[in-house]
Structure formats: C-alpha cells, structure tokens
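This is input_33.txt (compact mmCIF, C-alpha atoms).
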# COMPACT_ATOMS: atom_id res chain seq x y z
CA MET E 16 22.09 -23.83 39.62
CA MET E 17 23.75 -24.49 36.25
CA ASN E 18 21.26 -27.20 35.31
CA ASN E 19 18.51 -24.56 35.46
CA ILE E 20 20.13 -22.63 32.60
CA VAL E 21 18.48 -23.72 29.35
CA VAL E 22 20.07 -21.11 27.04
CA GLU E 23 23.57 -19.72 27.42
CA VAL E 24 24.92 -17.04 25.07
CA LYS E 25 28.57 -16.07 25.67
CA ASP E 26 30.29 -13.07 24.04
CA VAL E 27 28.46 -13.51 20.72
CA TRP E 28 29.30 -11.31 17.75
CA PHE E 29 27.54 -11.40 14.39
CA ALA E 30 27.63 -9.34 11.20
CA TYR E 31 25.85 -9.43 7.84
CA ASN E 32 28.33 -8.81 5.00
CA GLY E 33 30.68 -7.04 7.39
CA ASP E 34 27.94 -4.87 8.90
CA PRO E 35 27.88 -5.53 12.70
CA VAL E 36 24.48 -6.56 14.05
CA LEU E 37 25.36 -7.98 17.48
CA SER E 38 28.43 -7.09 19.53
CA GLY E 39 29.59 -8.97 22.62
CA VAL E 40 26.16 -10.30 23.58
CA ASN E 41 25.81 -12.32 26.79
CA LEU E 42 22.58 -13.89 28.03
CA GLU E 43 21.45 -16.70 30.33
CA ILE E 44 17.87 -17.97 30.23
CA ARG E 45 16.72 -20.16 33.09
CA ARG E 46 14.14 -22.94 33.01
CA GLY E 47 10.63 -21.58 33.55
CA GLU E 48 11.56 -18.09 32.34
CA PHE E 49 9.21 -15.89 30.32
CA LEU E 50 11.61 -13.52 28.59
CA ALA E 51 10.69 -10.63 26.29
CA ILE E 52 13.28 -9.38 23.80
CA ILE E 53 12.60 -5.80 22.74
CA GLY E 54 14.44 -3.22 20.64
CA PRO E 55 14.25 -1.20 17.41
CA ASN E 56 13.93 -2.67 13.93
CA GLY E 57 17.39 -3.69 12.76
CA GLY E 58 18.67 -3.81 16.33
CA GLY E 59 19.38 -7.55 16.21
CA LYS E 60 16.36 -9.11 17.98
CA THR E 61 15.41 -11.62 15.30
CA THR E 62 19.07 -12.28 14.49
CA LEU E 63 19.67 -13.24 18.12
CA LEU E 64 16.66 -15.55 18.00
CA LYS E 65 17.95 -17.24 14.83
CA LEU E 66 21.38 -17.70 16.39
CA ILE E 67 19.86 -19.40 19.44
CA LEU E 68 17.77 -21.62 17.16
CA GLY E 69 20.85 -22.62 15.16
CA LEU E 70 19.55 -21.04 11.94
CA LEU E 71 22.62 -18.78 11.96
CA LYS E 72 26.13 -19.28 13.36
CA PRO E 73 27.93 -16.59 15.39
CA ASP E 74 31.10 -15.04 14.04
CA ARG E 75 32.55 -15.17 17.54
CA GLY E 76 31.41 -16.54 20.87
CA SER E 77 29.37 -19.59 21.79
CA ILE E 78 25.74 -20.60 22.28
CA ARG E 79 24.37 -23.58 24.19
CA VAL E 80 20.73 -24.66 24.27
CA LEU E 81 19.83 -27.28 26.86
CA GLY E 82 23.55 -27.90 27.28
CA ARG E 83 24.20 -28.59 23.58
CA GLU E 84 24.95 -26.75 20.35
CA PRO E 85 21.67 -25.30 19.03
CA ARG E 86 21.37 -27.69 16.06
CA TYR E 87 21.50 -30.71 18.38
CA ALA E 88 18.78 -29.30 20.64
CA SER E 89 16.28 -28.56 17.84
CA ARG E 90 14.04 -31.53 18.71
CA ARG E 91 13.45 -30.08 22.17
CA VAL E 92 12.52 -26.53 21.15
CA GLY E 93 9.55 -25.00 19.33
CA TYR E 94 9.56 -21.96 17.06
CA ALA E 95 6.63 -19.86 15.84
CA PRO E 96 7.72 -17.32 13.18
CA GLN E 97 5.85 -14.19 12.18
CA ASP E 98 2.59 -14.79 10.35
CA ALA E 99 3.92 -12.57 7.55
CA HIS E 100 6.33 -15.39 6.57
CA LEU E 101 3.47 -17.81 5.87
CA ASN E 102 2.44 -18.58 2.28
CA ARG E 103 -1.31 -18.01 2.50
CA GLU E 104 -1.94 -19.34 -1.03
CA PHE E 105 -0.52 -22.80 -0.35
CA PRO E 106 -3.42 -25.32 -0.28
CA ILE E 107 -2.83 -26.89 3.13
CA SER E 108 -5.25 -27.46 6.00
CA VAL E 109 -4.85 -26.25 9.55
CA LEU E 110 -4.38 -29.81 10.82
CA ASP E 111 -1.68 -30.56 8.24
CA VAL E 112 0.21 -27.39 9.20
CA VAL E 113 0.24 -28.45 12.85
CA LEU E 114 1.27 -32.02 12.00
CA LEU E 115 4.40 -30.56 10.41
CA GLY E 116 5.44 -29.70 13.95
CA ARG E 117 5.88 -33.43 14.55
CA LEU E 118 8.66 -33.65 11.95
CA THR E 119 11.37 -33.36 14.57
CA GLY E 120 13.41 -36.41 13.61
CA GLU E 121 16.47 -36.67 11.41
CA PHE E 122 14.55 -38.40 8.61
CA PRO E 123 11.14 -37.39 7.20
CA LYS E 124 8.15 -39.52 8.12
CA LEU E 125 6.25 -41.46 5.46
CA ARG E 126 3.07 -41.14 7.49
CA PHE E 127 1.95 -39.63 10.77
CA SER E 128 1.18 -41.92 13.68
CA ARG E 129 -1.76 -41.90 16.08
CA GLU E 130 0.55 -40.26 18.60
CA ASP E 131 1.30 -37.50 16.08
CA HIS E 132 -2.40 -36.87 15.46
CA ALA E 133 -3.12 -36.88 19.20
CA ALA E 134 -0.35 -34.32 19.79
CA ALA E 135 -1.65 -32.14 16.95
CA ARG E 136 -5.19 -32.26 18.35
CA GLU E 137 -3.98 -31.39 21.84
CA ALA E 138 -2.01 -28.42 20.47
CA LEU E 139 -4.96 -27.13 18.44
CA GLU E 140 -7.28 -27.48 21.41
CA ARG E 141 -4.85 -25.55 23.59
CA VAL E 142 -4.98 -22.58 21.21
CA GLY E 143 -8.73 -22.91 20.58
CA MET E 144 -8.43 -23.90 16.90
CA TRP E 145 -9.48 -27.58 16.80
CA GLU E 146 -12.85 -26.76 15.25
CA HIS E 147 -11.03 -25.12 12.31
CA ARG E 148 -8.73 -28.09 11.64
CA ARG E 149 -10.09 -28.79 8.14
CA ARG E 150 -10.01 -25.18 6.91
CA ARG E 151 -7.26 -23.95 4.62
CA ILE E 152 -4.67 -21.91 6.43
CA GLY E 153 -4.98 -19.01 3.98
CA ARG E 154 -8.69 -18.55 4.75
CA LEU E 155 -8.15 -17.78 8.42
CA SER E 156 -7.84 -14.37 10.03
CA GLY E 157 -4.42 -13.09 11.06
CA GLY E 158 -5.03 -13.97 14.70
CA GLN E 159 -6.23 -17.45 13.81
CA ARG E 160 -3.20 -18.11 11.62
CA GLN E 161 -0.90 -17.05 14.43
CA ARG E 162 -2.62 -19.49 16.78
CA VAL E 163 -2.06 -22.27 14.24
CA LEU E 164 1.66 -21.44 14.01
CA ILE E 165 1.88 -21.59 17.80
CA ALA E 166 0.03 -24.93 17.78
CA ARG E 167 2.54 -26.26 15.25
CA ALA E 168 5.37 -25.28 17.61
CA LEU E 169 3.57 -26.88 20.57
CA ALA E 170 2.88 -30.14 18.72
CA GLY E 171 6.51 -31.18 19.12
CA LYS E 172 6.20 -30.98 22.93
CA PRO E 173 9.00 -28.40 23.31
CA GLU E 174 10.82 -27.55 26.51
CA ILE E 175 11.45 -24.03 25.20
CA LEU E 176 9.11 -22.03 22.95
CA PHE E 177 10.50 -19.20 20.81
CA LEU E 178 8.02 -16.67 19.38
CA ASP E 179 8.89 -13.97 16.84
CA GLU E 180 6.37 -11.09 16.90
CA PRO E 181 3.43 -13.42 17.69
CA THR E 182 0.84 -10.61 17.68
CA ALA E 183 2.04 -8.59 14.68
CA GLY E 184 -0.91 -7.20 12.73
CA VAL E 185 -3.65 -8.26 15.16
CA ASP E 186 -5.90 -6.16 17.38
CA THR E 187 -5.20 -5.22 21.00
CA ARG E 188 -7.90 -7.51 22.43
CA TYR E 189 -6.33 -10.52 20.74
CA GLN E 190 -2.87 -9.49 21.93
CA THR E 191 -4.02 -9.55 25.55
CA GLU E 192 -5.81 -12.90 25.14
CA LEU E 193 -2.75 -14.45 23.52
CA TYR E 194 -0.38 -13.25 26.23
CA ASP E 195 -2.77 -14.56 28.86
CA PHE E 196 -2.47 -17.93 27.11
CA PHE E 197 1.34 -17.66 27.09
CA ARG E 198 1.37 -16.94 30.82
CA GLU E 199 -0.66 -20.11 31.42
CA LEU E 200 1.59 -22.08 29.07
CA ASN E 201 4.65 -20.77 30.91
CA GLU E 202 3.74 -22.99 33.87
CA SER E 203 5.23 -25.91 31.91
CA VAL E 204 7.29 -24.35 29.09
CA THR E 205 10.11 -21.79 29.04
CA ILE E 206 9.09 -18.95 26.70
CA VAL E 207 11.16 -16.40 24.77
CA VAL E 208 9.23 -13.80 22.78
CA VAL E 209 10.46 -11.10 20.41
CA SER E 210 7.88 -8.32 20.33
CA HIS E 211 7.04 -4.64 20.01
CA ASP E 212 3.96 -5.00 22.23
CA ILE E 213 5.66 -3.17 25.08
CA ASN E 214 2.60 -2.30 27.15
CA VAL E 215 1.06 -5.78 26.93
CA LEU E 216 4.40 -7.46 27.64
CA SER E 217 5.00 -5.58 30.88
CA SER E 218 2.05 -7.23 32.63
CA HIS E 219 2.85 -10.78 31.49
CA VAL E 220 6.57 -11.54 31.21
CA LYS E 221 9.08 -12.18 34.00
CA SER E 222 12.15 -10.49 32.51
CA VAL E 223 13.20 -8.26 29.61
CA ALA E 224 16.24 -8.12 27.32
CA CYS E 225 16.80 -4.89 25.42
CA VAL E 226 18.70 -5.51 22.18
CA ASN E 227 20.19 -2.79 20.01
CA ARG E 228 23.46 -4.34 18.78
CA ARG E 229 24.34 -4.88 22.43
CA LEU E 230 22.10 -6.57 25.00
CA PHE E 231 20.93 -5.29 28.37
CA PHE E 232 19.10 -7.75 30.63
CA HIS E 233 16.53 -6.83 33.29
CA ASP E 234 15.44 -9.51 35.74
CA GLU E 235 12.05 -7.84 36.18
CA SER E 236 9.01 -7.57 33.95
CA GLU E 237 8.16 -3.87 34.03
CA VAL E 238 9.08 -1.95 30.87
CA THR E 239 9.84 1.65 31.85
CA PRO E 240 10.49 4.72 29.66
CA GLU E 241 14.10 4.79 30.91
CA MET E 242 14.94 1.29 29.73
CA VAL E 243 13.17 1.79 26.41
CA GLU E 244 15.18 4.95 25.79
CA GLN E 245 18.34 2.94 26.43
CA ALA E 246 17.24 0.29 23.91
CA TYR E 247 15.90 2.64 21.21
CA HIS E 248 18.34 5.54 21.82
CA CYS E 249 15.50 8.05 21.71
CA PRO E 250 12.73 9.29 24.07
CA VAL E 251 9.70 6.99 24.17
CA GLU E 252 6.40 7.66 25.93
CA LEU E 253 4.66 4.61 27.41
CA ILE E 254 0.93 4.39 28.07
CA ALA E 255 0.39 2.39 31.23
CA HIS E 256 -3.33 1.49 30.78
CA GLY E 257 -3.75 1.86 34.55
CA MET E 258 -1.30 -0.93 35.40
CA PRO E 259 1.14 -0.58 38.34
CA HIS E 260 4.77 0.07 37.49
CA ARG E 261 8.07 -0.90 39.07
CA VAL E 262 11.22 1.06 38.32
CA LEU E 263 14.18 -0.85 36.86
CA LYS E 264 17.82 0.01 37.23
CA VAL E 265 19.42 2.08 34.50
CA HIS E 266 21.75 0.13 32.17
CA GLU E 267 25.40 0.25 33.03
CA ASP E 268 27.28 0.45 29.75
CA ASP E 269 30.89 -0.43 30.51

Before anything else, please render the file you have as structure tokens.
Amino acid sequence: MMNNIVVEVKDVWFAYNGDPVLSGVNLEIRRGEFLAIIGPNGGGKTTLLKLILGLLKPDRGSIRVLGREPRYASRRVGYAPQDAHLNREFPISVLDVVLLGRLTGEFPKLRFSREDHAAAREALERVGMWEHRRRRIGRLSGGQRQRVLIARALAGKPEILFLDEPTAGVDTRYQTELYDFFRELNESVTIVVVSHDINVLSSHVKSVACVNRRLFFHDESEVTPEMVEQAYHCPVELIAHGMPHRVLKVHEDD
C-alpha cells in the first residue's frame, strides 16, 4: 500500500560541478524496512543519503519522505553521521550532545524541558551510555562516541533513522553488538544504513541497495559475491563466518 512507503526516490540525477554522481536513481523504502546501502567509495552512497535528508537537492527527479519534501519531514527523521565528522576537542558533555537531538523545531530553544531531558535519558539508556552522560564527548572511545551520536538521533523520536557508516573504525565485536541493537530497534523504527560492513550486514538487514552511480535494489538481506561485483565492478571475495547464504538475482541493467 502507498501509505506504507516512507521514502520515495523517482528518477533522481545529481552531479558535483558537472561530474555525475547519481544517474536515474529510483528507490522505495517501506515502513519497518531495514535497508543497507552498499557500494564503492565515490559511488554515491552518502550523496543519496544527503539527498533523502534534504541536505542536497537533486538536479532532476523528485524525493518524498513521509509524503513530503525532505526539508518538511526533518522533524520526523533521525540522522547519525560518521564519528569522523565529530569535533572531539569541543568541550561538550555526552548528555548535552544528545539533548541537541531535541532541537527539531523551527526556532531554537532557550532551555530544555523535562520532556527533553527524559527523552535524552531514554535514548542514552537504549544505547547503554547513560552512566557516561557527564563525560566529555572527546574522551570516549570510538564505539562509545558512535553510540552517543545514535542516541542523539533517537532523542527526537524519529520514524526513520538514517545511519552513515555507524561502525567505521571500531572492532568487529562492537559491530556485531551494534547491529544486534539496530535489529531490535527496527521493531519500531525504519532504518537505513550506509556501510561497508558487508558480512555483518547480511545477517541483520532485510534488503540491500547497491549504489555505484546507478542503484540496484534487492528485496533480500543476503549479500552475495555476484551482487557485490555488480556494485563494485570488480571481483570481491566474501567471508561467510559460517552463516547460511541465499542467492539473489543478478542485476538487470536495461
């Protein structure tokens, strides 16, 4: 049903300074989806995410988020960027970072309400970081900082959560724990994640979009060597870690 579609991307084209990044991209994301966006560096993954978030505008085509233009849906979505984009020297506490996720209105707040603090606490507890609320963000480990960024996104009570490389620079054990958390969170929130963690993704997500200027959508979770070769345009060997695999259809490039 149409009302189950929370993101609709139609024939979107985008270029930086005349250099094409995305060409004729189409995508529908349904409520309750857990979608992984994979592809090579420079293939357009993060650009697509920014277009859906309304941080960029397409050169051609249209995008609707929750039935509206992206900028008008911003209060109903959450976004956790890469930890690498965080200023670790800025003297701000974990709690204050998460409270920033409550600034979803048109005008800035003069002070945070009890409801804001309750939402921030709930978000920090969900990611296991409440006990660190008074620590400076720059003194946390990479994995801890990423959890705080996710808590900030969750504090606004989003219907859709967008995550850009949420496990970049952290160890494999943490990657698995974090994706287990995302799978639990997906019971109430639609999730879209841009990631290179191909092996971890395949046992957690529900569908995969391969982006390399164009987009190929697979309505299954398993990431196979064939689909990765289509996305990266080169042979890729996957290590299965003993997990069962399903075979996806080969892309049909019309």

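Across the model, the gap from CA of Arg188 in chain E to CA of Gly59 in chain E is 28.0 Å.
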
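Using all atoms listed in the file, the shortest contact distance between Ser108 in chain E and any of E:Val204, E:Ala134, E:Ala95, E:Leu155 is found at E:Leu155.
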
Residue contacts of range 64-78 of chain E (7 Å, only C-alpha atoms) excluding same-chain residues fewer than 2 positions away, as a list in words:
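In the requested form, the answer reads Glu23, Val24, Lys25, Asp26, Val27, Trp28, Phe29, Lys60, Thr61, Thr62, Val80, Glu84, Pro85 and Arg86 of chain E.
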
Which value, in Å to one decimal, gives the distance between CA of Gln190 in chain E and CA of Leu42 in chain E?
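CA of Gln190 in chain E sits 26.5 Å away from CA of Leu42 in chain E.
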
Write out as an MDAnalysis selection string which residues come within 12 Å of Asp195 in chain E when counting all atoms listed in the file, dropping same-chain ones fewer than 3 positions away.
chainID E and resid 142 188:192 198:202 215:216 218:220

For CA of Thr182 in chain E and CA of Glu104 in chain E, quote the distance in Å rounded to one decimal.
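Going from CA of Thr182 in chain E over to CA of Glu104 in chain E covers 20.8 Å.
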
Given the choices E:Val22, E:Leu114, E:Met144, E:Leu37, which gets closest to Ser128 in chain E if the distance is worked out from only C-alpha atoms?
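Looking at the shortest contact to Ser128 in chain E, the residue is E:Leu114.
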
The residue from E:Leu115, E:Ala168, E:Thr187, E:Arg129 with the smallest atom-to-atom distance to Tyr94 in chain E, counting all atoms listed in the file, is E:Ala168

Excluding Ile52 in chain E and its own-chain neighbours fewer than 3 positions away, which residues fall within 7 Å of it when counting all atoms listed in the file? Please give them as a list in words.
Lys60, Val208, Val209, Ser210, Val223, Ala224, Cys225 and Val226 of chain E

Find the residues around Arg229 in chain E up to 7 Å (only C-alpha atoms counted), leave out those fewer than 2 positions away in its own chain, and share them as a PyMOL selection string.
chain E and resi 37-40+226-227+231

Ranking E:Val112, E:Thr205, E:Leu193, E:Arg126 by minimum distance to Ala170 in chain E and counting only C-alpha atoms, which one comes first?
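Looking at the shortest contact to Ala170 in chain E, the residue is E:Val112.
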
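With distances taken over all atoms listed in the file, E:Glu43 is the one residue among E:Glu43, E:Glu48, E:Asp111, E:Glu180 lying closest to Arg79 in chain E.
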
Just the residues within 6 Å of Arg148 in chain E, please, counting all atoms listed in the file, with nothing from its chain fewer than 2 positions along; format it as a PDB file with C-alpha atoms, in the coordinates of the input.
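Saved to around_17.pdb:
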ATOM      1  CA  VAL E 109      -4.850 -26.250   9.550  1.00  0.00           C
ATOM      2  CA  LEU E 110      -4.380 -29.810  10.820  1.00  0.00           C
ATOM      3  CA  TRP E 145      -9.480 -27.580  16.800  1.00  0.00           C
ATOM      4  CA  GLU E 146     -12.850 -26.760  15.250  1.00  0.00           C
ATOM      5  CA  ARG E 150     -10.010 -25.180   6.910  1.00  0.00           C
TER       6      ARG E 150
END
